[in-house]
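Trainee: Shown below is the structure under consideration.
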2 protein chains.
Amino acid sequence: MKIDAPRKYVTDNLKYALDPGSIAVVGASRYPNKVGSKVIEGLQKWGYDGKIYPVNPRADKVAGLKAYPTVMDIPDDVDLVFIALPAHLVKMVLEETVKKKAKMVVIATSAFKEIGRGDMQNNLTQFCRDNELPMVGPNLVGMGSPYLNFNCGFIPYLPVEGPVAMISQSGANLLAALGASQKDHYGMSFFVGLGNKADVDFSEFIVYAKDDPNTGCIATYIEGLDSPEAYIEACREVVPKKPVVAIKVGGSKIGVKAAFAHTASENEGTNDATYDEIFDKAGVIRATTWQEYLDTSLALGLQPPLRDDNVVMITNGGGSGLLSCDHFERCGMPMRELKEISPLLSERIRAFMPMFGSPLNPVDISGTATPKQYKGAITQAICDPNVSAVYGSICPTAVTDVDAVTDIYIDIYNQYKHLGKPLIMEAQGGQECERAIMRLRDAGIPAYPTAEQAVNAIVALRKYGKILDRFEKEAAGDTAAETAAEEV
Amino acid sequence: MKIDAPRKYVTDNLKYALDPGSIAVVGASRYPNKVGSKVIEGLQKWGYDGKIYPVNPRADKVAGLKAYPTVMDIPDDVDLVFIALPAHLVKMVLEETVKKKAKMVVIATSAFKEIGRGDMQNNLTQFCRDNELPMVGPNLVGMGSPYLNFNCGFIPYLPVEGPVAMISQSGANLLAALGASQKDHYGMSFFVGLGNKADVDFSEFIVYAKDDPNTGCIATYIEGLDSPEAYIEACREVVPKKPVVAIKVGGSKIGVKAAFAHTASENEGTNDATYDEIFDKAGVIRATTWQEYLDTSLALGLQPPLRDDNVVMITNGGGSGLLSCDHFERCGMPMRELKEISPLLSERIRAFMPMFGSPLNPVDISGTATPKQYKGAITQAICDPNVSAVYGSICPTAVTDVDAVTDIYIDIYNQYKHLGKPLIMEAQGGQECERAIMRLRDAGIPAYPTAEQAVNAIVALRKYGKILDRFEKEAAGDTAAETAAEEV
């Protein structure tokens with residue numbers, strides 16, 4: 001249901017969704033294959049250290065814990081009530097939750113508005129709003145954070161620690177991101193499934209993420225916004241401090257129907273251009289594909305914004321250089337020749353390549369490049385005052401020492417991080433490159449297995465730089481206008 | 001240098017490049033870190049069972065093998081001469097190679113036309129042509145085949161066996177494909193680096209691949225075509241039997257220069273539209289990004305063409321369904337609703353999902369889907385005579401048995417393969433999905449970690465279907481015209 005702006009009673013209480021001291025799990029099943037029991041299993045397995053109160057009128061114990069017939073029977077205060085009961089039983093539990101003065105409620109249950117029960121969902125939402133009880137869901141998968149060992153929902157794994165706060169309407173796609181996190185070291189600060197987002201809205205979690213110390217970038221997976229104005233307001237508040245990325249699905253003809261069937265998202269009368277306009281106003285960086293969504297949010301979470309186009313690419317593979325410069329142009333950010341960026345750098349970098357290398361840009365130090373040549377070329381590039389970002393590429397030839405080159409990149413990154421220049425990497429190849437990518441990511445360097453992914457990441461950093469410029473100009477304009485108004 | 005059409009003396013001899021009985025390695029170094037010694041090391045390590053003759057005037061033995069001062073000193077016949085000597089020494093070796101009546105020569109050496117020595121390269125090429133000695137290169141990384149345990153060049157690994165023949169100008173990108181092959185089970189039949197392709201041309205390897213029993217799809221990585229007419233002619237000959245995929249780089253402003261500096265490829269006066277036209281005439285499927293190039297070539301190598309748009313997607317994740325239907329529409333191939341494809345299927349498939357599932361298309365059997373429900377839904381879809389292809393998706397929720405669902409897909413695939421309907425898979429998530437993707441690929445089912453990659457693969461199968469339709473119509477038109485001409 002629509003809200004006009006992020007609500008303070010909601011944003012104040014969201015900490016109880018992501019860091020509750022106590023949780024009542026209503027619908028906690030004794031049977032291990034039921035979704036209800038998976039919630040407690042997940043909390044225990046991943047090391048939640050708060051109190052867990054299973055609620056089940058037909059059991060004394062669930063998962064080794066004393067069970068209670070109702071929420072009201074729990075002897076202590078409850079921060080969060082997590083509901084995994086059939087839809088028709090939810091209202092009763094909400095009434096108890098209000099009486100219990102719990103701080104938050106999460107409804108995991110499906111089969112509401114997405115199958116035509118819009119009134120039922122709206123009634124529950126209105127009840128929560130009347131009682132200032134923030135409600136997340138219904139029809140969601142859960143939430144958690146690797147920093148808090150908190151995994152609350154039907155979620156097979158926790159992500160690795162890192163900068164991205166993921167706010168997702170889709171459960172399956174949220175789980176895909178968590179899986180990618182483990183597999184590809186895509187680091188996350190916290191994650192939440194919003195499902196049908198009947199009450200608590202994107203905008204409120206975005207505002208919450210602003211002050212979350214572990215969050216460097218906020219990634220929003222959207223099937224439909226009920227409250228675009230609130231989204232814009234929240235983003236404009238947060239973006240000067242942290243970038244926001246969005247992927248919007250359900251824009252295709254069949255997608256409009258599928259998005260409704262999935263999370264009751266309403267897209268009739270909107271199209272891709274509508275959302276382009278929303279994201280533009282909000283200062284949000286839009287991704288088109290799922291891979292781009294993951295890749296760009298990681299880069300924005302790890303690296304500073306890019307304030308101009310002076311990117312230098314160092315590669316030992318001319319082919320990866322070509323894929324890159326074509327893709328930069330395709331993205332509307334053509335590479336600049338090295339001599340245009342810095343006339344002297346072109347000559348200095350010559351010392352670190354054989355005669356058949358190319359000091360153009362991409363700088364091709366050739367397939368025979370040694371770790372020493374890599375080190376020389378990267379150091380020259382990153383230290384040059386006209387260079388704003390370095391894009392490094394490792395292509396394994398029979399003579400490339402991928403591990404040693406990775407060490408060099410990490411050392412140089414740590415040595416020159418204070419310059420505030422983004423460093424992005426690409427390592428295309430087999431297992432040794434996969435290892436390199438993990439090590440680079442763990443060291444805070446966004447690294448990718450293909451050239452185009454790395455370019456997308458750099459383009460996103462540049463977009464964020466432009467958004468910050470625009471916001472700063474607008475703020476200066478506002479101040480000037482205010483001053484002018486005062487003077488008049 | 002330009003050719004008018006694939007030359008028979010070349011295509012007849014290419015078997016000696018990919019399956020030689022004996023190889024002379026000229027420039028075989030005694031020092032293990034030199035590129036020259038890597039060639040022999042690779043041949044030995046990967047189990048080449050022909051004869052290897054190191055040629056080195058300053059060594060008696062190289063890598064445990066008797067070395068010869070010159071090619072002429074080798075006592076037996078030589079099929080392939082592989083040259084890894086500095087550029088100015090190459091001409092002398094070519095003369096010996098001709099005298100020795102070797103069948104093929106490969107020049108790995110760099111520093112020819114790509115650094116401005118166009119005349120030098122042209123002289124060597126003309127010499128080879130005058131003597132009908134097919135020459136691959138210069139400036140290349142090597143060639144090989146996992147079916148022959150043949151790894152000839154500076155190549156750290158062999159790919160896994162599979163359907164894709166990769167013909168690449170870039171060494172680094174070829175190596176990236178070989179690495180991806182090992183890591184992601186991207187199966188290859190053979191691979192060859194063309195480098196500057198001064199003599200032997202894309203078209204000639206394409207013709208060779210037509211009759212290679214292990215090749216199901218030909219993938220061409222192009223930095224610039226010297227002989228577009230020959231390429232078109234070769235493809236038009238092969239495409240009715242096997243699909244050809246292309247990625248063309250060097251189309252951007254800076255890419256034109258970078259492609260010349262890399263493989264002396266000439267792109268002045270051409271642009272992306274020029275190549276669109278070439279690929280269209282040739283019946284070639286063009287990929288834009290490197291990932292798309294790998295993903296589509298694998299699908300085209302493993303699966304039959306798709307003759308219409310009646311694709312049914314079965315997923316347990318509404319989010320992956322939405323990413324898919326949006327991407328299908330973006331690719332110009334919007335999904336059709338299930339009731340339009342097959343009115344009865346929509347009802348039949350209802351039996352295999354909970355009430356909050358959706359029988360739209362994508363068919364969302366929901367996050368609670370069991371292996372049994374998966375089996376029922378997929379079987380209904382694949383057996384429906386109105387369905388032309390099945391697109392399966394696995395999203396791991398806390399209750400999804402990824403291994404069991406993978407088993408089911410493989411079983412159903414084997415049971416219904418004879419129907420000739422493409423089956424494409426997506427498995428988005430963590431390590432369990434990565435394992436599933438490997439198992440599916442090993443079973444002949446193209447499988448991908450994101451929805452958009454799977455959709456790109458399906459769209460490529462559809463494009464191939466349309467190309468075959470067009471070629472068949474043209475052939476029928478030609479026959480009709482001929483008949484008409486005869487009648488007149």
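Chain labels run A, B, ... following the order of the structure tokens; each chain numbers its residues from 1, and ligands are numbered from 1 in the order shown.
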Once you count only C-alpha atoms, what closest atom pair and distance in Å to one decimal does each residue of chain A within 6 Å of chain B have, with rows by chain and rising residue number, as a Markdown table?
Mentor:
```
| residue | atom | partner | partner_atom | distance |
| --- | --- | --- | --- | --- |
| A:Ala111 | CA | B:Phe356 | CA | 5.3 |
| A:Phe154 | CA | B:Ala398 | CA | 5.0 |
| A:Ile155 | CA | B:Ala398 | CA | 5.1 |
| A:Pro156 | CA | B:Ala398 | CA | 4.8 |
| A:Ser170 | CA | B:Gly319 | CA | 5.2 |
| A:Ala172 | CA | B:Gly317 | CA | 5.0 |
| A:Asn173 | CA | B:Gly319 | CA | 5.6 |
| A:Ala176 | CA | B:Gly429 | CA | 4.0 |
| A:Gly179 | CA | B:Gly430 | CA | 3.5 |
| A:Ala180 | CA | B:Gly430 | CA | 5.2 |
| A:Lys183 | CA | B:Gly430 | CA | 5.4 |
| A:Gly250 | CA | B:Leu322 | CA | 5.9 |
| A:Ser252 | CA | B:Asp326 | CA | 4.9 |
| A:Gly255 | CA | B:Leu322 | CA | 5.8 |
| A:His262 | CA | B:Gly318 | CA | 5.6 |
| A:Gly317 | CA | B:Ala172 | CA | 5.0 |
| A:Gly318 | CA | B:His262 | CA | 5.6 |
| A:Gly319 | CA | B:Ser170 | CA | 5.3 |
| A:Leu322 | CA | B:Gly255 | CA | 5.8 |
| A:Cys325 | CA | B:Gly255 | CA | 5.9 |
| A:Asp326 | CA | B:Ser252 | CA | 4.9 |
| A:Phe356 | CA | B:Ala111 | CA | 5.2 |
| A:Cys395 | CA | B:Ala172 | CA | 5.9 |
| A:Ala398 | CA | B:Pro156 | CA | 4.8 |
| A:Gln428 | CA | B:Ala176 | CA | 5.2 |
| A:Gly429 | CA | B:Ala176 | CA | 4.0 |
| A:Gly430 | CA | B:Gly179 | CA | 3.5 |
| A:Gln431 | CA | B:Lys183 | CA | 5.8 |
```
Trainee: With C-alpha atoms kept, could you save the residues just selected as a PDB file, in the first residue's frame?
Mentor:
```pdb
ATOM      1  CA  ALA A 111      -1.258 -16.634  -1.260  1.00  0.00           C
ATOM      2  CA  PHE A 154      13.961 -20.103   4.319  1.00  0.00           C
ATOM      3  CA  ILE A 155      17.498 -19.419   3.287  1.00  0.00           C
ATOM      4  CA  PRO A 156      20.106 -22.119   2.678  1.00  0.00           C
ATOM      5  CA  SER A 170      12.003 -11.741  -5.259  1.00  0.00           C
ATOM      6  CA  ALA A 172      14.534 -16.698  -5.563  1.00  0.00           C
ATOM      7  CA  ASN A 173      16.683 -13.908  -6.890  1.00  0.00           C
ATOM      8  CA  ALA A 176      20.690 -16.417  -6.146  1.00  0.00           C
ATOM      9  CA  GLY A 179      24.607 -18.158  -3.530  1.00  0.00           C
ATOM     10  CA  ALA A 180      26.750 -15.967  -5.765  1.00  0.00           C
ATOM     11  CA  LYS A 183      30.619 -18.835  -4.674  1.00  0.00           C
ATOM     12  CA  GLY A 250       8.204  -6.878 -15.126  1.00  0.00           C
ATOM     13  CA  SER A 252       7.773  -6.713 -20.743  1.00  0.00           C
ATOM     14  CA  GLY A 255       6.258  -9.628 -17.439  1.00  0.00           C
ATOM     15  CA  HIS A 262       4.661 -13.296  -8.365  1.00  0.00           C
ATOM     16  CA  GLY A 317      46.039  -9.571 -23.667  1.00  0.00           C
ATOM     17  CA  GLY A 318      45.222  -7.461 -26.698  1.00  0.00           C
ATOM     18  CA  GLY A 319      41.949  -9.351 -27.085  1.00  0.00           C
ATOM     19  CA  LEU A 322      39.628  -4.875 -27.624  1.00  0.00           C
ATOM     20  CA  CYS A 325      37.336  -0.578 -25.608  1.00  0.00           C
ATOM     21  CA  ASP A 326      34.440  -1.697 -27.801  1.00  0.00           C
ATOM     22  CA  PHE A 356      55.415  -5.564 -29.994  1.00  0.00           C
ATOM     23  CA  CYS A 395      45.120 -13.083 -19.173  1.00  0.00           C
ATOM     24  CA  ALA A 398      51.769 -20.202 -20.687  1.00  0.00           C
ATOM     25  CA  GLN A 428      39.734 -14.063 -17.835  1.00  0.00           C
ATOM     26  CA  GLY A 429      40.587 -17.733 -17.855  1.00  0.00           C
ATOM     27  CA  GLY A 430      40.401 -20.883 -15.818  1.00  0.00           C
ATOM     28  CA  GLN A 431      40.639 -21.877 -12.191  1.00  0.00           C
TER      29      GLN A 431
END
```
Trainee: I'd like the contact shell of B:Asp280 - 12 Å cut-off, only C-alpha atoms, skipping same-chain residues fewer than 5 positions apart - returned as a PyMOL selection string.
Mentor: chain B and resi 228+231-232+235-236+239+244-246+273-275+285-286+463-464+466-467+470-471
Trainee: Quick one: residues within 7 Å of B:Met425, only C-alpha atoms counted, chain neighbours fewer than 2 positions away excluded, as a list of chain:residue names?
Mentor: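 With the cut-off at 7 Å, the set is B:Tyr391, B:Gly392, B:Ser393, B:Leu423, B:Ala427, B:Pro446, B:Ala447, B:Tyr448, B:Ala454.
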Trainee: Mind listing the strand (DSSP E) residues of stretch 46-214 of chain B, per DSSP on the backbone, as a compact mmCIF listing (two decimals) with N, CA and C atoms, in the first residue's frame?
Mentor:
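Saved result, states08.txt, follows:
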```
# COMPACT_ATOMS: atom_id res chain seq x y z
N LYS B 51 55.70 -37.70 -33.61
CA LYS B 51 57.13 -37.43 -33.39
C LYS B 51 57.39 -35.94 -33.22
N ILE B 52 58.28 -35.60 -32.27
CA ILE B 52 58.65 -34.20 -32.04
C ILE B 52 60.13 -34.04 -32.35
N TYR B 53 60.43 -33.07 -33.22
CA TYR B 53 61.83 -32.79 -33.57
C TYR B 53 62.19 -31.37 -33.14
N PRO B 54 62.88 -31.21 -32.01
CA PRO B 54 63.34 -29.86 -31.66
C PRO B 54 64.41 -29.41 -32.66
N VAL B 55 64.33 -28.15 -33.07
CA VAL B 55 65.36 -27.59 -33.95
C VAL B 55 66.05 -26.45 -33.22
N LYS B 61 70.30 -31.65 -27.16
CA LYS B 61 69.05 -32.18 -26.66
C LYS B 61 68.17 -31.04 -26.14
N VAL B 62 66.87 -31.16 -26.33
CA VAL B 62 65.92 -30.23 -25.74
C VAL B 62 64.78 -31.06 -25.16
N LEU B 65 64.78 -34.70 -25.82
CA LEU B 65 64.71 -35.17 -27.21
C LEU B 65 65.95 -34.72 -27.97
N LYS B 66 66.40 -35.54 -28.92
CA LYS B 66 67.52 -35.14 -29.78
C LYS B 66 67.12 -33.90 -30.57
N LEU B 80 54.39 -30.89 -39.84
CA LEU B 80 54.15 -29.51 -39.39
C LEU B 80 55.44 -28.90 -38.88
N VAL B 81 55.74 -27.69 -39.36
CA VAL B 81 56.87 -26.94 -38.82
C VAL B 81 56.31 -25.78 -37.99
N PHE B 82 56.67 -25.75 -36.71
CA PHE B 82 56.19 -24.72 -35.80
C PHE B 82 57.35 -23.78 -35.50
N ILE B 83 57.22 -22.50 -35.85
CA ILE B 83 58.34 -21.56 -35.74
C ILE B 83 58.12 -20.60 -34.58
N MET B 104 52.62 -28.20 -43.60
CA MET B 104 52.05 -26.97 -42.99
C MET B 104 53.15 -26.25 -42.25
N VAL B 105 53.00 -24.91 -42.14
CA VAL B 105 53.89 -24.18 -41.26
C VAL B 105 53.05 -23.25 -40.37
N VAL B 106 53.49 -23.15 -39.12
CA VAL B 106 52.84 -22.25 -38.17
C VAL B 106 53.90 -21.27 -37.68
N ILE B 107 53.60 -19.97 -37.78
CA ILE B 107 54.56 -18.98 -37.26
C ILE B 107 53.96 -18.33 -36.02
N MET B 135 50.32 -21.47 -44.41
CA MET B 135 50.97 -20.89 -43.24
C MET B 135 49.92 -20.31 -42.30
N VAL B 136 49.96 -20.73 -41.05
CA VAL B 136 49.06 -20.17 -40.03
C VAL B 136 49.85 -19.16 -39.21
N GLY B 142 48.76 -20.73 -30.73
CA GLY B 142 48.83 -22.17 -30.95
C GLY B 142 47.50 -22.79 -31.31
N MET B 143 47.44 -24.12 -31.22
CA MET B 143 46.25 -24.86 -31.64
C MET B 143 46.21 -26.20 -30.92
N GLY B 144 45.10 -26.89 -31.00
CA GLY B 144 45.03 -28.18 -30.35
C GLY B 144 43.64 -28.77 -30.35
N SER B 145 43.53 -29.95 -29.75
CA SER B 145 42.23 -30.63 -29.64
C SER B 145 42.26 -31.60 -28.47
N PHE B 150 46.11 -33.10 -28.08
CA PHE B 150 47.04 -32.30 -28.86
C PHE B 150 46.99 -30.85 -28.39
N ASN B 151 48.13 -30.37 -27.87
CA ASN B 151 48.22 -29.01 -27.35
C ASN B 151 49.53 -28.43 -27.85
N CYS B 152 49.46 -27.64 -28.91
CA CYS B 152 50.65 -27.21 -29.64
C CYS B 152 50.75 -25.69 -29.62
N GLY B 153 51.52 -25.16 -28.66
CA GLY B 153 51.67 -23.71 -28.58
C GLY B 153 52.03 -23.29 -27.18
N GLU B 161 36.34 -32.01 -23.67
CA GLU B 161 35.77 -32.41 -24.96
C GLU B 161 34.36 -31.87 -25.12
N GLY B 162 34.02 -31.49 -26.32
CA GLY B 162 32.69 -30.96 -26.57
C GLY B 162 32.54 -30.48 -27.99
N PRO B 163 31.47 -29.74 -28.30
CA PRO B 163 31.10 -29.53 -29.69
C PRO B 163 31.68 -28.29 -30.38
N VAL B 164 32.31 -27.37 -29.64
CA VAL B 164 32.64 -26.08 -30.25
C VAL B 164 34.06 -26.07 -30.85
N ALA B 165 34.16 -25.74 -32.13
CA ALA B 165 35.45 -25.48 -32.76
C ALA B 165 35.69 -23.99 -32.67
N MET B 166 36.77 -23.58 -32.00
CA MET B 166 37.01 -22.15 -31.78
C MET B 166 38.15 -21.68 -32.66
N ILE B 167 37.85 -20.71 -33.52
CA ILE B 167 38.85 -20.13 -34.42
C ILE B 167 38.99 -18.68 -34.02
N SER B 168 40.17 -18.32 -33.49
CA SER B 168 40.31 -17.04 -32.80
C SER B 168 41.54 -16.28 -33.27
N MET B 188 34.90 -28.29 -26.14
CA MET B 188 35.44 -27.88 -27.45
C MET B 188 35.93 -29.09 -28.24
N SER B 189 35.82 -28.99 -29.58
CA SER B 189 36.30 -30.06 -30.46
C SER B 189 37.74 -29.80 -30.87
N PHE B 190 38.02 -28.58 -31.31
CA PHE B 190 39.41 -28.15 -31.54
C PHE B 190 39.47 -26.64 -31.41
N PHE B 191 40.68 -26.12 -31.36
CA PHE B 191 40.85 -24.66 -31.28
C PHE B 191 42.09 -24.27 -32.06
N VAL B 192 42.06 -23.06 -32.59
CA VAL B 192 43.23 -22.57 -33.31
C VAL B 192 43.30 -21.04 -33.17
N GLY B 193 44.51 -20.57 -32.87
CA GLY B 193 44.77 -19.13 -32.89
C GLY B 193 45.22 -18.75 -34.28
```
Trainee: Just how far from atom CA of B:Asp384 is atom CA of B:Leu338, in Å to one decimal?
Mentor: 11.3 Å
Trainee: Tell me, in Å to one decimal, how far atom CA of A:Gln415 is from atom CA of A:His185.
Mentor: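 Taking atom CA of A:Gln415 as the start and atom CA of A:His185 as the end point, the length is 22.8 Å.
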Trainee: In Å to one decimal, how far is atom CA of B:Gly137 from atom CA of B:Val238?
Mentor: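 Atom-to-atom, atom CA of B:Val238 and atom CA of B:Gly137 are spaced 23.3 Å apart.
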Trainee: With distances taken over only C-alpha atoms, which of A:Thr370, A:Ala377, A:Thr220, A:Asn123 is nearest to A:Ala287?
Mentor: A:Thr220
Trainee: Please run DSSP on the backbone and report, as a PyMOL selection string, all residues within stretch 99-136 of chain B that come out as alpha helix (DSSP H).
Mentor: chain B and resi 99+118-130
Trainee: Which neighbours of A:Asp49 fall inside 12 Å, counting only C-alpha atoms, when residues of the same chain fewer than 3 positions from it are skipped, and could you give them as a PDB file with C-alpha atoms, in the first residue's frame?
Mentor:
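Output file out11.pdb follows:
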```
ATOM      1  CA  ASP A  19      19.138  -7.296  14.617  1.00  0.00           C
ATOM      2  CA  PRO A  20      16.370  -8.423  16.979  1.00  0.00           C
ATOM      3  CA  GLY A  21      17.135  -9.474  20.556  1.00  0.00           C
ATOM      4  CA  SER A  22      14.297 -11.998  20.488  1.00  0.00           C
ATOM      5  CA  ILE A  23      12.168 -13.683  17.838  1.00  0.00           C
ATOM      6  CA  LEU A  43      18.689 -19.188  13.068  1.00  0.00           C
ATOM      7  CA  GLN A  44      20.394 -21.897  15.102  1.00  0.00           C
ATOM      8  CA  LYS A  45      22.726 -23.143  12.398  1.00  0.00           C
ATOM      9  CA  TRP A  46      24.156 -19.721  11.580  1.00  0.00           C
ATOM     10  CA  ILE A  52      14.045 -17.879  19.892  1.00  0.00           C
ATOM     11  CA  LEU A 148      25.428 -10.592  12.869  1.00  0.00           C
ATOM     12  CA  ASN A 149      25.380 -14.331  12.037  1.00  0.00           C
ATOM     13  CA  PHE A 150      21.706 -13.700  11.417  1.00  0.00           C
ATOM     14  CA  ASN A 151      19.796 -15.850   8.930  1.00  0.00           C
TER      15      ASN A 151
END
```
Trainee: Which residues, written as a PyMOL selection string, have at least one atom at most 12 Å from B:Ser342, with only C-alpha atoms counted and residues fewer than 6 positions away on the same chain left out?
Mentor: chain B and resi 310-312+336+348-349+359-361+380-388
Trainee: Fewer than 4 positions away in the same chain doesn't count, so skip those; otherwise give me all residues within 8 Å of B:Gln373, counting only C-alpha atoms, as a PyMOL selection string.
Mentor: chain B and resi 352-353+365+369+377
Trainee: At a cut-off of 9 Å, using only C-alpha atoms, what residues contact A:Pro134? Leave out same-chain residues fewer than 5 positions from it and give the result as a ChimeraX atom specification.
Mentor: /A:9-11,13-14,103-106,128-129,199-200
Trainee: Write a file of the just-selected residues containing N, CA and C atoms, as an mmCIF file, in the first residue's frame.
Mentor:
```cif
data_model
loop_
_atom_site.group_PDB
_atom_site.id
_atom_site.type_symbol
_atom_site.label_atom_id
_atom_site.label_comp_id
_atom_site.auth_asym_id
_atom_site.auth_seq_id
_atom_site.Cartn_x
_atom_site.Cartn_y
_atom_site.Cartn_z
ATOM 1 N N TYR A 9 8.380 5.975 12.290
ATOM 2 C CA TYR A 9 8.182 4.850 13.217
ATOM 3 C C TYR A 9 8.628 3.539 12.586
ATOM 4 N N VAL A 10 8.633 3.499 11.269
ATOM 5 C CA VAL A 10 9.112 2.292 10.580
ATOM 6 C C VAL A 10 10.645 2.251 10.576
ATOM 7 N N THR A 11 11.267 3.321 10.061
ATOM 8 C CA THR A 11 12.738 3.300 9.947
ATOM 9 C C THR A 11 13.381 3.133 11.329
ATOM 10 N N ASN A 13 12.284 1.345 13.681
ATOM 11 C CA ASN A 13 12.121 -0.028 14.168
ATOM 12 C C ASN A 13 12.782 -1.088 13.284
ATOM 13 N N LEU A 14 13.310 -0.690 12.126
ATOM 14 C CA LEU A 14 13.838 -1.729 11.219
ATOM 15 C C LEU A 14 15.013 -2.483 11.828
ATOM 16 N N LYS A 103 8.015 -5.259 18.307
ATOM 17 C CA LYS A 103 8.481 -4.089 17.552
ATOM 18 C C LYS A 103 8.292 -4.218 16.041
ATOM 19 N N MET A 104 8.265 -5.452 15.559
ATOM 20 C CA MET A 104 8.219 -5.695 14.111
ATOM 21 C C MET A 104 7.483 -6.996 13.861
ATOM 22 N N VAL A 105 6.835 -7.089 12.685
ATOM 23 C CA VAL A 105 6.297 -8.376 12.290
ATOM 24 C C VAL A 105 6.722 -8.667 10.844
ATOM 25 N N VAL A 106 7.030 -9.926 10.597
ATOM 26 C CA VAL A 106 7.387 -10.370 9.242
ATOM 27 C C VAL A 106 6.403 -11.469 8.855
ATOM 28 N N CYS A 128 -1.978 -3.170 10.656
ATOM 29 C CA CYS A 128 -0.608 -2.903 11.135
ATOM 30 C C CYS A 128 -0.348 -1.401 11.200
ATOM 31 N N ARG A 129 -0.800 -0.676 10.173
ATOM 32 C CA ARG A 129 -0.555 0.770 10.154
ATOM 33 C C ARG A 129 -1.319 1.469 11.277
ATOM 34 N N ASP A 199 3.366 -3.350 3.455
ATOM 35 C CA ASP A 199 3.525 -2.215 4.375
ATOM 36 C C ASP A 199 4.917 -1.608 4.252
ATOM 37 N N VAL A 200 5.927 -2.242 4.861
ATOM 38 C CA VAL A 200 7.277 -1.662 4.808
ATOM 39 C C VAL A 200 7.749 -1.635 3.362
#
```
